[in-house]
Each structure stands twice: as C-alpha cells, then as structure tokens.
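Content type mmCIF, C-alpha atoms, from the file run-v4.cif:
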```cif
data_my_file
#
loop_
_atom_site.label_atom_id
_atom_site.label_comp_id
_atom_site.auth_asym_id
_atom_site.auth_seq_id
_atom_site.Cartn_x
_atom_site.Cartn_y
_atom_site.Cartn_z
CA MET A 1 137.76 -19.16 86.97
CA GLN A 2 140.00 -18.12 89.85
CA ASP A 3 140.76 -14.60 91.11
CA ALA A 4 144.05 -14.48 89.20
CA GLU A 5 142.32 -15.36 85.92
CA ALA A 6 139.62 -12.73 86.50
CA VAL A 7 142.29 -10.14 87.31
CA GLU A 8 144.20 -11.04 84.14
CA ALA A 9 141.03 -10.72 82.04
CA LEU A 10 140.21 -7.35 83.61
CA THR A 11 143.72 -6.08 82.89
CA GLU A 12 143.24 -7.11 79.26
CA LEU A 13 140.14 -4.90 79.31
CA GLY A 14 142.30 -1.96 80.37
CA LEU A 15 142.41 -1.96 84.18
CA SER A 16 145.69 -1.75 86.07
CA THR A 17 146.54 -4.85 88.09
CA TYR A 18 145.76 -3.16 91.42
CA ALA A 19 142.45 -1.81 90.08
CA ALA A 20 141.49 -5.25 88.78
CA ARG A 21 142.36 -6.88 92.11
CA THR A 22 140.47 -4.17 93.99
CA PHE A 23 137.42 -4.63 91.76
CA VAL A 24 137.43 -8.40 92.31
CA GLY A 25 137.78 -7.82 96.06
CA LEU A 26 134.84 -5.41 96.06
CA GLN A 27 132.72 -7.98 94.24
CA LYS A 28 133.41 -10.37 97.12
CA LEU A 29 132.74 -7.79 99.83
CA GLY A 30 129.98 -5.64 98.34
CA VAL A 31 130.74 -2.46 100.27
CA ALA A 32 134.13 -2.09 101.92
CA SER A 33 136.84 0.22 103.19
CA ALA A 34 140.40 0.23 101.83
CA SER A 35 141.53 -1.86 104.80
CA GLU A 36 138.83 -4.46 104.14
CA VAL A 37 139.72 -4.61 100.44
CA ALA A 38 143.41 -5.00 101.30
CA GLY A 39 142.46 -7.87 103.60
CA VAL A 40 140.95 -9.96 100.79
CA THR A 41 143.27 -8.95 97.93
CA ASP A 42 146.99 -8.75 97.16
CA VAL A 43 146.72 -4.95 97.12
CA PRO A 44 148.46 -2.99 99.89
CA ARG A 45 146.01 -0.70 101.68
CA SER A 46 148.00 2.36 100.56
CA GLN A 47 147.52 1.26 96.92
CA VAL A 48 143.79 0.59 97.25
CA TYR A 49 143.15 4.35 97.23
CA GLY A 50 144.78 4.86 93.83
CA ALA A 51 143.10 1.76 92.45
CA ALA A 52 139.75 3.05 93.76
CA ASP A 53 140.38 6.43 92.08
CA GLU A 54 140.98 4.60 88.80
CA LEU A 55 137.82 2.51 89.22
CA GLU A 56 135.77 5.58 90.15
CA SER A 57 137.04 7.52 87.12
CA LEU A 58 135.88 4.63 84.91
CA GLY A 59 132.47 4.56 86.58
CA LEU A 60 133.04 1.08 88.02
CA ILE A 61 132.59 1.96 91.69
CA ASP A 62 130.73 4.46 93.85
CA VAL A 63 132.54 6.16 96.72
CA GLN A 64 131.03 7.10 100.08
CA GLU A 65 133.17 9.77 101.70
CA GLY A 66 133.63 9.43 105.41
CA SER A 67 135.95 7.98 107.95
CA PRO A 68 136.73 5.49 106.62
CA THR A 69 135.92 6.02 102.96
CA ARG A 70 133.81 3.14 101.66
CA TYR A 71 133.59 1.73 98.17
CA ARG A 72 130.79 -0.10 96.36
CA PRO A 73 131.06 -1.71 92.91
CA VAL A 74 128.46 -0.95 90.25
CA GLU A 75 126.28 -3.79 88.98
CA ILE A 76 128.14 -6.42 86.95
CA GLU A 77 126.21 -5.72 83.73
CA GLU A 78 126.94 -2.00 84.02
CA ALA A 79 130.64 -2.74 84.58
CA ARG A 80 130.67 -5.12 81.61
CA GLU A 81 129.09 -2.52 79.35
CA LEU A 82 131.44 0.25 80.52
CA LEU A 83 134.57 -1.85 79.96
CA TYR A 84 133.40 -3.27 76.63
CA ASP A 85 132.45 0.20 75.36
CA ARG A 86 135.82 1.57 76.48
CA LEU A 87 137.67 -1.29 74.78
CA GLN A 88 135.66 -0.94 71.58
CA SER A 89 136.19 2.82 71.52
CA ALA A 90 139.94 2.39 71.98
CA GLY A 91 140.03 -0.30 69.30
CA ASP A 92 137.98 1.75 66.86
CA GLY A 93 140.26 4.73 67.38
CA ALA A 94 143.38 2.64 66.86
CA PHE A 95 142.08 1.05 63.66
CA GLU A 96 140.88 4.39 62.26
CA TYR A 97 144.40 5.71 62.81
CA LEU A 98 145.94 2.63 61.17
CA VAL A 99 143.76 3.12 58.08
CA GLU A 100 144.79 6.77 57.96
CA VAL A 101 148.54 6.08 58.18
CA ARG A 102 148.38 3.13 55.81
CA GLU A 103 146.83 5.33 53.15
CA GLN A 104 149.72 7.80 53.45
CA HIS A 105 152.22 5.30 52.04
CA ALA A 106 150.93 2.77 49.54
CA PRO A 107 152.90 -0.48 49.37
CA THR A 108 155.57 -0.35 46.66
CA ASP A 109 156.57 -4.02 46.56
CA ASP A 110 154.79 -5.43 43.49
CA ARG A 111 156.94 -8.57 43.30
CA GLU A 112 155.41 -11.96 43.92
CA SER A 113 156.38 -13.03 47.40
CA ILE A 114 156.03 -15.89 49.81
CA TRP A 115 154.79 -15.00 53.27
CA THR A 116 154.06 -17.23 56.26
CA THR A 117 151.06 -17.33 58.59
CA GLU A 118 150.70 -19.59 61.62
CA GLY A 119 147.65 -21.10 63.31
CA ARG A 120 144.85 -22.97 61.53
CA GLU A 121 142.24 -20.23 61.99
CA ASN A 122 144.71 -17.53 60.92
CA VAL A 123 145.75 -19.53 57.88
CA THR A 124 142.14 -20.15 56.82
CA ALA A 125 141.24 -16.47 57.30
CA ARG A 126 144.28 -15.35 55.30
CA ILE A 127 143.64 -17.86 52.51
CA THR A 128 140.01 -16.80 52.11
CA SER A 129 141.03 -13.13 52.19
CA LEU A 130 143.64 -13.61 49.48
CA ILE A 131 141.24 -15.64 47.35
CA GLY A 132 138.57 -12.95 47.70
CA ASP A 133 141.07 -10.28 46.58
CA ALA A 134 142.04 -12.17 43.40
CA ASP A 135 141.26 -10.48 40.10
CA ASP A 136 142.63 -12.86 37.47
CA GLU A 137 143.97 -16.14 38.82
CA VAL A 138 144.18 -18.26 41.98
CA LEU A 139 146.62 -21.13 42.35
CA PHE A 140 145.86 -23.03 45.55
CA ALA A 141 148.50 -25.69 46.21
CA THR A 142 148.79 -27.62 49.44
CA GLY A 143 150.29 -30.82 50.74
CA GLU A 144 147.77 -30.84 53.57
CA THR A 145 144.20 -31.35 52.36
CA ALA A 146 142.88 -30.22 55.76
CA LEU A 147 143.67 -26.66 54.60
CA LEU A 148 140.99 -26.99 51.93
CA THR A 149 138.24 -26.21 54.44
CA GLU A 150 134.63 -25.52 53.60
CA ASP A 151 135.32 -21.77 53.89
CA VAL A 152 138.24 -22.02 51.46
CA ALA A 153 136.23 -24.14 49.02
CA GLU A 154 133.37 -21.61 49.13
CA ALA A 155 135.80 -18.74 48.50
CA LEU A 156 137.35 -20.59 45.55
CA THR A 157 133.91 -21.34 44.11
CA ALA A 158 132.79 -17.72 44.53
CA VAL A 159 135.78 -16.23 42.67
CA ALA A 160 135.55 -18.90 39.96
CA GLU A 161 131.92 -17.88 39.41
CA ASP A 162 133.16 -14.27 39.06
CA GLY A 163 135.48 -15.30 36.21
CA VAL A 164 138.74 -15.80 38.12
CA ALA A 165 140.81 -18.76 36.87
CA VAL A 166 141.11 -21.22 39.78
CA THR A 167 143.58 -24.10 39.95
CA VAL A 168 143.81 -26.42 42.96
CA ALA A 169 146.87 -28.65 43.22
CA SER A 170 147.92 -31.25 45.77
CA ALA A 171 149.97 -34.41 46.00
CA GLU A 172 146.96 -35.95 47.72
CA PRO A 173 144.51 -37.63 45.30
CA ASP A 174 141.51 -36.36 47.33
#
```

The structure given in the file should be rewritten as structure tokens.
Amino acid sequence: MQDAEAVEALTELGLSTYAARTFVGLQKLGVASASEVAGVTDVPRSQVYGAADELESLGLIDVQEGSPTRYRPVEIEEARELLYDRLQSAGDGAFEYLVEVREQHAPTDDRESIWTTEGRENVTARITSLIGDADDEVLFATGETALLTEDVAEALTAVAEDGVAVTVASAEPD
C-alpha cells in the first residue's frame, strides 16, 4: 500500500484529506513539528495545524505545546480502535434512524414487480433474502445456473422444509 492508498482509506474512515495525510506523515516521523510534517506530506504547513487539531480532537495524536509545537501519533492499535469505534457508532446511528423513518411510511406498492440488482455477491444476498422472506411460494428461474449457488440452494431447501412451495426453472438441463 502506498501513501495515497492509506490516505484514501483513512478518509473513508472519516478523516479529512489533510488530517489523513498528516497522520500518515506522523507515522513516518514519530514526533514532529508542523514544518517537519509539511516536509514529508502534501499538506501546506499552515494547514497542518488544522489537521492536527482534528486529529487531536479524535484522540489520534498527542500535542506538546512549545515553540515549535510538536505532535506525536498514538499507537496504531489505539488509532485503529478509535476510528473503527467512531465509524461503527456513526453507522449504528444512521441505521437506527433509517429504521425509524422507514417505519413511519409503510410501502404501499403491493403489485408484483421486477427489480434489478448488480454484482454476483449482491445478487446472491438479495436472492437468499427474498427466498427467506417467502411465505407461500418461490419461483426461482434463471438462465445462468451459476446463480444457483450453495447459499441459494440452502435457502430454497430451508423454505421448502417450512412448507413453502418451491419451483426451480432453467433452460439448462443441470
């Protein structure tokens, strides 16, 4: 992994780009001033201060006041835990809200519909979810037998054992 990839991953965990670059730079330097961080990153020295404030507020660095101010990153495992906990907390909050707003307006479209899903893993997950939600009947029809994965077959078997009528259709003899 290169610096740019690490920075991108850290931004996906919630850091600003400058904070992510600063954090990577501090990992390389250990303890450093804003000027030293700017020297090994693509962060202007004037922006290192704001990035350091962000990192300090998240508990990712320690600050030694003085002239110049010096910065030290926390241990990698501590940083990992802090960022993962923050991400999980944000995700949990978002999904709790989504459940709350979804329950305010129940879907009103009871018509049979055709929807599309892309990506093999997404398709398999959606198929098994739909099969698991079936109460009376499942019609699984495909022109591509690769979609009848072990997970799908297990889901079909499970609902059939629960009394759901299952029909599998394909142009392929297998």

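What the PyMOL selection byres ((chain A and resi 79-91) around 8) picks from this file is Leu13, Gly14, Leu58, Gly59, Leu60, Val74, Glu75, Ile76, Glu77, Glu78, Asp92, Gly93, Ala94 and Phe95 of chain A.
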
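Using all atoms listed in the file, the smallest distance between any of A:Ala125, A:Val7, A:Ile114, A:Ala32 and A:Ala155 comes from A:Ala125.
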
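Residue nearest A:Ala38 within the list A:Arg126, A:Arg70, A:Arg21, A:Arg102: A:Arg21 [criterion: smallest interatomic distance, all atoms listed in the file].
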
Starting from the shown file, work through the PyMOL selection byres ((chain A and resi 55) around 12) and note down what comes out as a VMD selection string. chain A and resid 10 14 to 24 26 48 to 54 56 to 63 71 to 74 79 82 to 83

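For the pair atom CA of A:Leu130 and atom CA of A:Ala169, the interatomic distance is 16.6 Å.
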
Spatial neighbours of A:Thr142, 9 Å, all atoms listed in the file, chain gap at least 4 places, as a VMD selection string: chain A and resid 147 to 148 168 to 172

Can those selected residues be exported to a file as a PDB file, in the coordinates of the input so that it contains C-alpha atoms?
```pdb
ATOM      1  CA  LEU A 147     143.670 -26.660  54.600  1.00  0.00           C
ATOM      2  CA  LEU A 148     140.990 -26.990  51.930  1.00  0.00           C
ATOM      3  CA  VAL A 168     143.810 -26.420  42.960  1.00  0.00           C
ATOM      4  CA  ALA A 169     146.870 -28.650  43.220  1.00  0.00           C
ATOM      5  CA  SER A 170     147.920 -31.250  45.770  1.00  0.00           C
ATOM      6  CA  ALA A 171     149.970 -34.410  46.000  1.00  0.00           C
ATOM      7  CA  GLU A 172     146.960 -35.950  47.720  1.00  0.00           C
TER       8      GLU A 172
END
```

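Across the structure, atom CA of A:Gly39 and atom CA of A:Ala4 are spaced 15.9 Å apart.
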
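The spacing separating atom CA of A:Ala146 from atom CA of A:Glu121 amounts to 11.8 Å.
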
Using all atoms listed in the file: which of A:Glu118, A:Thr128, A:Ala141, A:Gly66 has the shortest distance to A:Ala153: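 Smallest distance to A:Ala153 is found for A:Thr128.
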
Residue with the minimum atom-to-atom distance to A:Ala160, picked from A:Leu98, A:Gly119, A:Ala134, A:Glu65 with only C-alpha atoms counted, is A:Ala134

List every protein, DNA or RNA residue with an atom no more than 8 Å from (136.8, -14.6, 44.6) in the file's coordinates, counting all atoms listed in the file, and format the result as a VMD selection string. chain A and resid 131 to 135 155 to 162 164

So that all listed atoms of stretch 76-87 of chain A fit with 4 Å spare on each side, what axis-aligned box centre and edge lengths in Å, to one decimal, would you give as lines of an AutoDock Vina configuration file?
```
center_x = 131.9
center_y = -2.4
center_z = 80.9
size_x = 19.5
size_y = 16.0
size_z = 20.2
```
